[in-house]
Amino acid sequence: MAMTLAIALAVEVLLIAMLAVSLRRRGRFVSRYPEFRRFYDYGLIAFAILTASKALFLLLDLRDYGSLELSPKQSSLLNSVGNSLLLLGLLMILVGWFRLLNVITERYEVVPVVEFEREENGEPLKPGLYLCNLSNCCTVLARLLRGRAGLIVSRNPPDVVRERLGIEKTPILWLTTIEDKNAVSPTRLEFLLQTLVNFMRKTEDPKVIFLDGVEYLMLENGFASVFKFLTTLKDYASLHNTVIVVPLTEEGMDERNLKLLQREFERLKGQA
């Protein structure tokens with residue numbers, strides 16, 4: 001009996017510790033993975049409920065050990081409430097799990113769509129990643145969308161981008177830390193990379209990706225991580241018939257970093 005009580009006490013202490021650590025780390029987790037905020041919160045609620053449930057069962061263990069006097073009515077009530085809380089905690093875990101699956105499997109399913117027919121006099125452009133420092137890269141993008149399935153990653157909300165470019169079907173990912181069905185956190189470079197690579201792999205037909213906000217990515221992740229991210233995208237673009245356009249504001253950039261970018265990636269010409 002003493003061993004059973006000791007185990008029950010250890011489980012309760014462990015649950016309390018896990019709840020405390022999870023509460024402490026919530027802000028850091030949500031700031032880095034905002035799209036998983038609800039999943040995390042469901043987990044916190046589940047831990048809190050399970051901790052309370054275990055505390056009630058611990059009272060019953062103390063009764064069995066002879067350290068606490070409870071009437072049959074009180075014992076029955078504690079047992080009923082404890083089981084109800086246990087069921088509710090497990091339900092919260094299931095809700096959080098399904099929320100996680102929904103975000104991962106459905107939210108970022110990007111389907112290639114050719115929205116505009118190709119112009120017969122359109123200039124060919126070999127697959128790869130191009131820097132664009134023109135005054136209006138969106139004009140170039142509008143031409144590149146002719147005959148190509150497009151994907152746009154932008155610092156602006158999708159509705160703004162669609163109105164500006166006159167597009168309806170082309171998928172748009174919003175580079176932001178707020179929670180939105182089309183949002184991608186700037187701190188999740190690996191996730192963004194996998195999303196773009198999956199898009200490129202879906203078809204070998206011509207595609208174009210407009211990757212806006214690279215300066216924002218550098219601010220959040222550092223230049224080295226973003227440079228590796230871009231070079232990996234370049235390689236995949238060459239393999240999967242994709243043109244990637246990266247608008248870049250050169251003013252204010254570190255000269256060494258700028259030269260490294262210019263040496264690795266071609267500049268997009270105005271007639272592309």
# chains A, B, ... in the order shown; residues from 1 in each chain; ligands from 1
>>> select_by_dssp(residues="segment 68-201 of chain A", states="strand (DSSP E)", output="list in words")
Gly128, Leu129, Tyr130, Leu131, Cys132, Ala149, Gly150, Leu151, Ile152, Val153, Ser154, Ile172, Leu173, Trp174, Leu175, Ala183 and Val184 of chain A
>>> write_last_selection(atoms="N, CA, C and O atoms", output="PDB file, in the first residue's frame")
ATOM      1  N   GLY A 128      15.270  28.441 -62.074  1.00  0.00           N
ATOM      2  CA  GLY A 128      16.274  28.891 -61.124  1.00  0.00           C
ATOM      3  C   GLY A 128      15.712  29.954 -60.206  1.00  0.00           C
ATOM      4  O   GLY A 128      14.521  30.254 -60.230  1.00  0.00           O
ATOM      5  N   LEU A 129      16.586  30.518 -59.395  1.00  0.00           N
ATOM      6  CA  LEU A 129      16.181  31.573 -58.468  1.00  0.00           C
ATOM      7  C   LEU A 129      16.821  32.884 -58.903  1.00  0.00           C
ATOM      8  O   LEU A 129      18.038  32.957 -59.121  1.00  0.00           O
ATOM      9  N   TYR A 130      15.989  33.924 -58.999  1.00  0.00           N
ATOM     10  CA  TYR A 130      16.434  35.226 -59.485  1.00  0.00           C
ATOM     11  C   TYR A 130      16.136  36.311 -58.453  1.00  0.00           C
ATOM     12  O   TYR A 130      15.044  36.353 -57.867  1.00  0.00           O
ATOM     13  N   LEU A 131      17.117  37.199 -58.259  1.00  0.00           N
ATOM     14  CA  LEU A 131      16.902  38.381 -57.432  1.00  0.00           C
ATOM     15  C   LEU A 131      16.279  39.469 -58.288  1.00  0.00           C
ATOM     16  O   LEU A 131      16.652  39.652 -59.444  1.00  0.00           O
ATOM     17  N   CYS A 132      15.332  40.194 -57.712  1.00  0.00           N
ATOM     18  CA  CYS A 132      14.671  41.275 -58.441  1.00  0.00           C
ATOM     19  C   CYS A 132      14.806  42.572 -57.644  1.00  0.00           C
ATOM     20  O   CYS A 132      14.243  42.696 -56.554  1.00  0.00           O
ATOM     21  N   ALA A 149       2.064  27.850 -63.504  1.00  0.00           N
ATOM     22  CA  ALA A 149       1.356  27.722 -62.229  1.00  0.00           C
ATOM     23  C   ALA A 149       2.119  28.526 -61.192  1.00  0.00           C
ATOM     24  O   ALA A 149       3.332  28.362 -61.042  1.00  0.00           O
ATOM     25  N   GLY A 150       1.420  29.407 -60.499  1.00  0.00           N
ATOM     26  CA  GLY A 150       2.099  30.306 -59.588  1.00  0.00           C
ATOM     27  C   GLY A 150       1.831  30.036 -58.118  1.00  0.00           C
ATOM     28  O   GLY A 150       0.803  29.457 -57.738  1.00  0.00           O
ATOM     29  N   LEU A 151       2.760  30.451 -57.286  1.00  0.00           N
ATOM     30  CA  LEU A 151       2.616  30.454 -55.831  1.00  0.00           C
ATOM     31  C   LEU A 151       3.276  31.725 -55.318  1.00  0.00           C
ATOM     32  O   LEU A 151       4.421  32.024 -55.675  1.00  0.00           O
ATOM     33  N   ILE A 152       2.557  32.461 -54.490  1.00  0.00           N
ATOM     34  CA  ILE A 152       3.066  33.741 -53.993  1.00  0.00           C
ATOM     35  C   ILE A 152       3.213  33.672 -52.479  1.00  0.00           C
ATOM     36  O   ILE A 152       2.282  33.279 -51.768  1.00  0.00           O
ATOM     37  N   VAL A 153       4.387  34.043 -51.989  1.00  0.00           N
ATOM     38  CA  VAL A 153       4.629  34.217 -50.559  1.00  0.00           C
ATOM     39  C   VAL A 153       4.826  35.707 -50.348  1.00  0.00           C
ATOM     40  O   VAL A 153       5.733  36.306 -50.934  1.00  0.00           O
ATOM     41  N   SER A 154       3.985  36.310 -49.529  1.00  0.00           N
ATOM     42  CA  SER A 154       3.990  37.770 -49.436  1.00  0.00           C
ATOM     43  C   SER A 154       3.904  38.249 -47.994  1.00  0.00           C
ATOM     44  O   SER A 154       3.331  37.577 -47.127  1.00  0.00           O
ATOM     45  N   ILE A 172      -1.748  31.896 -52.319  1.00  0.00           N
ATOM     46  CA  ILE A 172      -0.931  32.919 -51.662  1.00  0.00           C
ATOM     47  C   ILE A 172      -0.718  32.522 -50.208  1.00  0.00           C
ATOM     48  O   ILE A 172      -1.670  32.177 -49.501  1.00  0.00           O
ATOM     49  N   LEU A 173       0.522  32.547 -49.770  1.00  0.00           N
ATOM     50  CA  LEU A 173       0.864  32.324 -48.374  1.00  0.00           C
ATOM     51  C   LEU A 173       1.278  33.651 -47.761  1.00  0.00           C
ATOM     52  O   LEU A 173       2.092  34.384 -48.333  1.00  0.00           O
ATOM     53  N   TRP A 174       0.729  33.946 -46.602  1.00  0.00           N
ATOM     54  CA  TRP A 174       0.997  35.220 -45.920  1.00  0.00           C
ATOM     55  C   TRP A 174       2.105  35.016 -44.896  1.00  0.00           C
ATOM     56  O   TRP A 174       1.965  34.243 -43.960  1.00  0.00           O
ATOM     57  N   LEU A 175       3.211  35.711 -45.077  1.00  0.00           N
ATOM     58  CA  LEU A 175       4.357  35.609 -44.181  1.00  0.00           C
ATOM     59  C   LEU A 175       4.121  36.524 -42.983  1.00  0.00           C
ATOM     60  O   LEU A 175       4.337  37.732 -43.044  1.00  0.00           O
ATOM     61  N   ALA A 183      -1.495  31.722 -43.287  1.00  0.00           N
ATOM     62  CA  ALA A 183      -0.285  32.305 -42.719  1.00  0.00           C
ATOM     63  C   ALA A 183       0.823  31.271 -42.533  1.00  0.00           C
ATOM     64  O   ALA A 183       0.573  30.103 -42.253  1.00  0.00           O
ATOM     65  N   VAL A 184       2.062  31.731 -42.698  1.00  0.00           N
ATOM     66  CA  VAL A 184       3.251  30.939 -42.401  1.00  0.00           C
ATOM     67  C   VAL A 184       4.160  31.796 -41.539  1.00  0.00           C
ATOM     68  O   VAL A 184       4.472  32.935 -41.895  1.00  0.00           O
TER      69      VAL A 184
END
>>> closest_atom_pairs(of="segment 140-201 of chain A", to="segment 29-38 of chain A", cutoff="10 Å", atoms="only C-alpha atoms", output="JSON lines")
{"residue": "A:Thr176", "atom": "CA", "partner": "A:Pro34", "partner_atom": "CA", "distance": 9.2}
{"residue": "A:Thr177", "atom": "CA", "partner": "A:Pro34", "partner_atom": "CA", "distance": 6.2}
{"residue": "A:Ile178", "atom": "CA", "partner": "A:Pro34", "partner_atom": "CA", "distance": 6.4}
{"residue": "A:Glu179", "atom": "CA", "partner": "A:Glu35", "partner_atom": "CA", "distance": 5.5}
{"residue": "A:Asp180", "atom": "CA", "partner": "A:Glu35", "partner_atom": "CA", "distance": 7.4}
{"residue": "A:Lys181", "atom": "CA", "partner": "A:Glu35", "partner_atom": "CA", "distance": 8.3}
{"residue": "A:Asn182", "atom": "CA", "partner": "A:Glu35", "partner_atom": "CA", "distance": 9.8}
{"residue": "A:Ala183", "atom": "CA", "partner": "A:Glu35", "partner_atom": "CA", "distance": 7.7}
{"residue": "A:Val184", "atom": "CA", "partner": "A:Glu35", "partner_atom": "CA", "distance": 7.7}
{"residue": "A:Ser185", "atom": "CA", "partner": "A:Tyr33", "partner_atom": "CA", "distance": 6.6}
{"residue": "A:Pro186", "atom": "CA", "partner": "A:Arg32", "partner_atom": "CA", "distance": 8.3}
{"residue": "A:Thr187", "atom": "CA", "partner": "A:Arg32", "partner_atom": "CA", "distance": 6.0}
{"residue": "A:Arg188", "atom": "CA", "partner": "A:Arg32", "partner_atom": "CA", "distance": 7.3}
>>> select_by_dssp(residues="segment 19-243 of chain A", states="alpha helix (DSSP H)", output="JSON, numbers by chain")
{"A": [19, 20, 21, 22, 23, 24, 25, 26, 27, 28, 29, 30, 31, 32, 37, 38, 39, 40, 41, 42, 43, 44, 45, 46, 47, 48, 49, 50, 51, 52, 53, 54, 55, 56, 57, 58, 59, 60, 61, 62, 63, 64, 65, 72, 73, 74, 75, 76, 77, 78, 79, 80, 81, 82, 83, 84, 85, 86, 87, 88, 89, 90, 91, 92, 93, 94, 95, 96, 97, 98, 99, 100, 101, 102, 103, 104, 105, 137, 138, 139, 140, 141, 142, 143, 144, 158, 159, 160, 161, 162, 163, 164, 165, 189, 190, 191, 192, 193, 194, 195, 196, 197, 198, 199, 200, 201, 214, 215, 216, 217, 218, 219, 220, 221, 223, 224, 225, 226, 227, 228, 229, 230, 231, 232, 233, 234, 235, 236, 237, 238, 239]}
>>> residues_around(residues="Leu88 of chain A", least_positions_apart="6", cutoff="12 Å", atoms="only C-alpha atoms", output="number ranges by chain")
A: 42-43, 45-53, 81-82, 94-95
>>> closest_residue(among="A:Thr4, A:Ser76, A:Gln262, A:Thr203", to="Thr231 of chain A", atoms="only C-alpha atoms")
A:Gln262
>>> closest_residue(among="A:Ala20, A:Cys138, A:Val246, A:Met92", to="Glu215 of chain A", atoms="only C-alpha atoms")
A:Val246
>>> closest_residue(among="A:Ile209, A:Leu193, A:Leu85, A:Met200", to="Phe229 of chain A", atoms="only C-alpha atoms")
A:Leu193
>>> residues_around(residues="Glu204 of chain A", least_positions_apart="5", cutoff="9 Å", atoms="only C-alpha atoms", output="ChimeraX atom specification")
/A:239-242
>>> write_last_selection(atoms="all heavy atoms", output="PDB file, in the first residue's frame")
ATOM      1  N   LEU A 239      15.577  21.590 -60.718  1.00  0.00           N
ATOM      2  CA  LEU A 239      15.150  20.212 -60.936  1.00  0.00           C
ATOM      3  C   LEU A 239      13.689  20.111 -61.367  1.00  0.00           C
ATOM      4  O   LEU A 239      13.309  19.188 -62.088  1.00  0.00           O
ATOM      5  CB  LEU A 239      15.339  19.395 -59.653  1.00  0.00           C
ATOM      6  CG  LEU A 239      16.771  19.006 -59.271  1.00  0.00           C
ATOM      7  CD1 LEU A 239      16.768  18.338 -57.909  1.00  0.00           C
ATOM      8  CD2 LEU A 239      17.383  18.085 -60.313  1.00  0.00           C
ATOM      9  N   HIS A 240      12.862  21.066 -60.932  1.00  0.00           N
ATOM     10  CA  HIS A 240      11.412  20.932 -61.116  1.00  0.00           C
ATOM     11  C   HIS A 240      10.802  22.071 -61.933  1.00  0.00           C
ATOM     12  O   HIS A 240       9.662  22.462 -61.689  1.00  0.00           O
ATOM     13  CB  HIS A 240      10.731  20.833 -59.747  1.00  0.00           C
ATOM     14  CG  HIS A 240      11.148  19.636 -58.950  1.00  0.00           C
ATOM     15  ND1 HIS A 240      10.771  18.363 -59.285  1.00  0.00           N
ATOM     16  CD2 HIS A 240      11.948  19.516 -57.852  1.00  0.00           C
ATOM     17  CE1 HIS A 240      11.298  17.499 -58.411  1.00  0.00           C
ATOM     18  NE2 HIS A 240      12.016  18.177 -57.535  1.00  0.00           N
ATOM     19  N   ASN A 241      11.565  22.578 -62.887  1.00  0.00           N
ATOM     20  CA  ASN A 241      11.039  23.511 -63.887  1.00  0.00           C
ATOM     21  C   ASN A 241      10.318  24.707 -63.248  1.00  0.00           C
ATOM     22  O   ASN A 241       9.186  25.045 -63.597  1.00  0.00           O
ATOM     23  CB  ASN A 241      10.087  22.779 -64.836  1.00  0.00           C
ATOM     24  CG  ASN A 241       9.858  23.542 -66.129  1.00  0.00           C
ATOM     25  OD1 ASN A 241      10.570  24.500 -66.443  1.00  0.00           O
ATOM     26  ND2 ASN A 241       8.853  23.137 -66.888  1.00  0.00           N
ATOM     27  N   THR A 242      10.990  25.343 -62.304  1.00  0.00           N
ATOM     28  CA  THR A 242      10.387  26.445 -61.560  1.00  0.00           C
ATOM     29  C   THR A 242      11.270  27.686 -61.608  1.00  0.00           C
ATOM     30  O   THR A 242      12.490  27.596 -61.450  1.00  0.00           O
ATOM     31  CB  THR A 242      10.153  26.063 -60.088  1.00  0.00           C
ATOM     32  OG1 THR A 242       9.377  24.862 -60.029  1.00  0.00           O
ATOM     33  CG2 THR A 242       9.424  27.161 -59.337  1.00  0.00           C
TER      34      THR A 242
END
>>> residues_around(residues="Gly213 of chain A", least_positions_apart="3", cutoff="7 Å", atoms="only C-alpha atoms", output="PDB file with all heavy atoms, in the first residue's frame")
ATOM      1  N   SER A 154       3.985  36.310 -49.529  1.00  0.00           N
ATOM      2  CA  SER A 154       3.990  37.770 -49.436  1.00  0.00           C
ATOM      3  C   SER A 154       3.904  38.249 -47.994  1.00  0.00           C
ATOM      4  O   SER A 154       3.331  37.577 -47.127  1.00  0.00           O
ATOM      5  CB  SER A 154       2.815  38.350 -50.239  1.00  0.00           C
ATOM      6  OG  SER A 154       2.754  39.756 -50.106  1.00  0.00           O
ATOM      7  N   ARG A 155       4.436  39.449 -47.767  1.00  0.00           N
ATOM      8  CA  ARG A 155       4.290  40.099 -46.473  1.00  0.00           C
ATOM      9  C   ARG A 155       2.940  40.793 -46.359  1.00  0.00           C
ATOM     10  O   ARG A 155       2.551  41.246 -45.288  1.00  0.00           O
ATOM     11  CB  ARG A 155       5.410  41.135 -46.282  1.00  0.00           C
ATOM     12  CG  ARG A 155       6.723  40.542 -45.851  1.00  0.00           C
ATOM     13  CD  ARG A 155       6.689  40.067 -44.407  1.00  0.00           C
ATOM     14  NE  ARG A 155       6.505  41.167 -43.479  1.00  0.00           N
ATOM     15  CZ  ARG A 155       5.548  41.195 -42.552  1.00  0.00           C
ATOM     16  NH1 ARG A 155       4.678  40.205 -42.445  1.00  0.00           N
ATOM     17  NH2 ARG A 155       5.450  42.223 -41.733  1.00  0.00           N
ATOM     18  N   TYR A 216      12.723  40.284 -44.191  1.00  0.00           N
ATOM     19  CA  TYR A 216      12.019  39.916 -42.964  1.00  0.00           C
ATOM     20  C   TYR A 216      12.497  38.555 -42.458  1.00  0.00           C
ATOM     21  O   TYR A 216      12.702  38.350 -41.255  1.00  0.00           O
ATOM     22  CB  TYR A 216      10.522  39.900 -43.265  1.00  0.00           C
ATOM     23  CG  TYR A 216       9.612  39.609 -42.103  1.00  0.00           C
ATOM     24  CD1 TYR A 216       9.884  40.100 -40.831  1.00  0.00           C
ATOM     25  CD2 TYR A 216       8.455  38.851 -42.278  1.00  0.00           C
ATOM     26  CE1 TYR A 216       9.029  39.838 -39.766  1.00  0.00           C
ATOM     27  CE2 TYR A 216       7.592  38.592 -41.224  1.00  0.00           C
ATOM     28  CZ  TYR A 216       7.885  39.083 -39.973  1.00  0.00           C
ATOM     29  OH  TYR A 216       7.037  38.826 -38.924  1.00  0.00           O
ATOM     30  N   LEU A 217      12.693  37.625 -43.384  1.00  0.00           N
ATOM     31  CA  LEU A 217      13.202  36.314 -43.009  1.00  0.00           C
ATOM     32  C   LEU A 217      14.604  36.419 -42.409  1.00  0.00           C
ATOM     33  O   LEU A 217      14.939  35.714 -41.444  1.00  0.00           O
ATOM     34  CB  LEU A 217      13.223  35.386 -44.229  1.00  0.00           C
ATOM     35  CG  LEU A 217      11.869  34.972 -44.803  1.00  0.00           C
ATOM     36  CD1 LEU A 217      12.062  34.136 -46.061  1.00  0.00           C
ATOM     37  CD2 LEU A 217      11.054  34.203 -43.776  1.00  0.00           C
TER      38      LEU A 217
END
>>> residues_around(residues="Glu117 of chain A", least_positions_apart="5", cutoff="10 Å", atoms="only C-alpha atoms", output="list in words")
Leu145, Arg146, Gly147 and Arg148 of chain A
>>> write_last_selection(atoms="N, CA, C and O atoms", output="compact mmCIF listing (two decimals), in the first residue's frame")
# COMPACT_ATOMS: atom_id res chain seq x y z
N LEU A 145 3.49 34.82 -64.75
CA LEU A 145 2.32 33.98 -64.46
C LEU A 145 1.61 33.51 -65.72
O LEU A 145 0.76 32.61 -65.65
N ARG A 146 1.94 34.09 -66.86
CA ARG A 146 1.34 33.65 -68.12
C ARG A 146 1.87 32.27 -68.50
O ARG A 146 3.05 32.10 -68.80
N GLY A 147 1.00 31.28 -68.44
CA GLY A 147 1.40 29.93 -68.81
C GLY A 147 2.12 29.16 -67.72
O GLY A 147 2.55 28.03 -67.95
N ARG A 148 2.25 29.74 -66.53
CA ARG A 148 2.92 29.06 -65.42
C ARG A 148 1.98 28.96 -64.22
O ARG A 148 1.22 29.89 -63.94
>>> atom_distance(atom1="atom CA of Thr139 of chain A", atom2="atom CA of Thr232 of chain A")
25.9 Å
>>> closest_residue(among="A:Ala237, A:Leu78, A:Ala6, A:Val114", to="Ile167 of chain A", atoms="only C-alpha atoms")
A:Val114
>>> atom_distance(atom1="atom CA of Val11 of chain A", atom2="atom CA of Leu59 of chain A")
13.4 Å
